[in-house]
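Here's the structure, in structure tokens; my notes come after.
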Amino acid sequence: MTHSLPVILGAGLFSSELRFRGIKKTQPRTVKTWELEYFFEDGGTSVVNNIGHSIRRGQLLLAKPGDVRCSHLPFQCRYVHFMPEDPMLVQLLSNVPVYFDAVDPKTVEASFSRIASLFCSASSADQMAAEAELVLLFREICEDARLSGPDESDTVIRAQKFMERHYSEKLSVQDIAEACSVSPSYLHKLFARRNGLTPGEYLLGVRITAAREMLINTALPLSEIAVSCGFGAQSYFSDCFRRKTGLTPGQFRRSGTYLP
């Protein structure tokens, strides 16, 4: 089955201070094409279909044909206006909410910049490359929109509890993701968005905390603590512990002080 690329109608950088100088609010208008915007700084309020949203840095907006929108200024954004001709793409984008956060703002903003640069080129090959880049951006933002769903907090909590219960076992991100019925890549992005950590970093923190408690409250050999806390080899345990706390397990135990 063949699929057609979306047709880009406009792309670039928009500043309300340049376009609407001295105006505090734009007049309502009916959207004719698909309008994708990335806000790279905090601003006023965007109103779509009588629902207002405060403009925040790192946020995306996807307005669809027939939507009615206006804005309380100021705001600045990168934008792409387009028409998706492929029915499957239309269906995919129709499920994306109007507002959602970019999980990786730098990547998203760089993609907008590349699309604008390619679109402004006189080369037909660059024009096609811009459309292909837009499809890649769609893949990114559809995942971002899914991460902004109401169940993301529950997924993170389930993953954290799973790690806290099973930290002594040999765990991979795949194991943790399967326990939460999500993909490893989805879980990784979710943790980055919610905690600023990867699942692996969170798991290491759980294991280090458990090891600290055992070092202070028991006389178990370091090798047993390593196994009990899921590190396996004592050498790996010692290396991780030193990098995390600045002390070796032995030094920490001799200090007799619990470090938060």
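For the structure tokens, the naming scheme is as follows: chains receive sequential letters (A, B, ...) according to their order of presentation, residues are indexed from 1 within each chain, and ligands are indexed from 1 in presentation order.
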
Q | Residue set, stretch 24-260 of chain A restricted to helix (DSSP H, G or I), as a ChimeraX atom specification | A | /A:87-94,105-119,124-147,152-166,173-179,184-195,199-217,222-228,234-245,249-255

Q) Could you pull the residues within 10 Å of A:Glu164, counting only C-alpha atoms, minus those fewer than 3 positions along the same chain, as a PyMOL selection string? A) chain A and resi 158-161+167-168+202-203+205-207+210

Q | Pick from A:Phe82, A:Val156, A:Val135, A:Gly250 nearest to A:Pro221, counting only C-alpha atoms | A | A:Gly250

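Of the residues listed (A:Lys64, A:His72, A:Arg56, A:Arg114), A:His72 shows the shortest atom-to-atom separation from A:Lys24; distances use only C-alpha atoms.
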
Q) If you run DSSP on the backbone, which residues of stretch 9-98 of chain A are strand (DSSP E or B), as a VMD selection string? A) chain A and resid 9 to 15 25 29 to 30 34 to 39 45 to 48 51 to 54 59 to 63 68 to 72 76 to 83

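Residues within 8 Å of stretch 66-70 of chain A, counting only C-alpha atoms and excluding same-chain residues fewer than 3 positions away, are Lys25, Thr26, Gln27, Pro28, Arg29, Thr30, Val31, Lys32, Ser46, Val47, Val48, Asn49, Asn50 and Ala63 of chain A.
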
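Shortest separation to A:Ser94 among A:Ala11, A:Ala110, A:Cys142, A:Ala122 occurs at residue A:Cys142, atoms counted being only C-alpha atoms.
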
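With only C-alpha atoms as the basis for measurement, A:Leu5 is the residue among A:Ala129, A:Leu5, A:Ala102, A:Ile115 that approaches A:Val90 most closely.
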
Q: Extract, using only C-alpha atoms, all DNA, RNA and protein residues at most 9 Å from A:Leu136, discarding same-chain residues fewer than 5 positions from it, and format them as a PyMOL selection string.
A: chain A and resi 111+131+141

(Q) With only C-alpha atoms as the counted atoms, please give the residues lying no more than 12 Å from stretch 226-237 of chain A, apart from itself and same-chain residues fewer than 2 positions off, as a PyMOL selection string. (A) chain A and resi 163-172+203-215+220-224+239-245+247-250

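Taking atom CA of A:Pro84 as the reference point, atom CA of A:Val7 is found at 6.3 Å.
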
Q. So which residues touch stretch 33-37 of chain A within 9 Å, counting only C-alpha atoms, skipping near sequence neighbours fewer than 3 positions away, as an MDAnalysis selection string?
A. chainID A and resid 9 59:66 77:84 112

(Q) I'd like to know which of A:Ser54, A:Gln76, A:Gln127, A:Thr155 is closest to A:Ala179, using only C-alpha atoms. (A) A:Thr155

**Q.** Residue neighbourhood A:Glu140, 12 Å, only C-alpha atoms, exclusion window fewer than 4 positions, as a ChimeraX atom specification
**A.** /A:60,93,96,101-105,107-109,111-112,133-136,144-147,185-186,189

Q | Given only C-alpha atoms as the counted atoms, nearest of A:Val182, A:Ile55, A:Ile216, A:Ile225 to A:Gln251 | A | A:Ile216
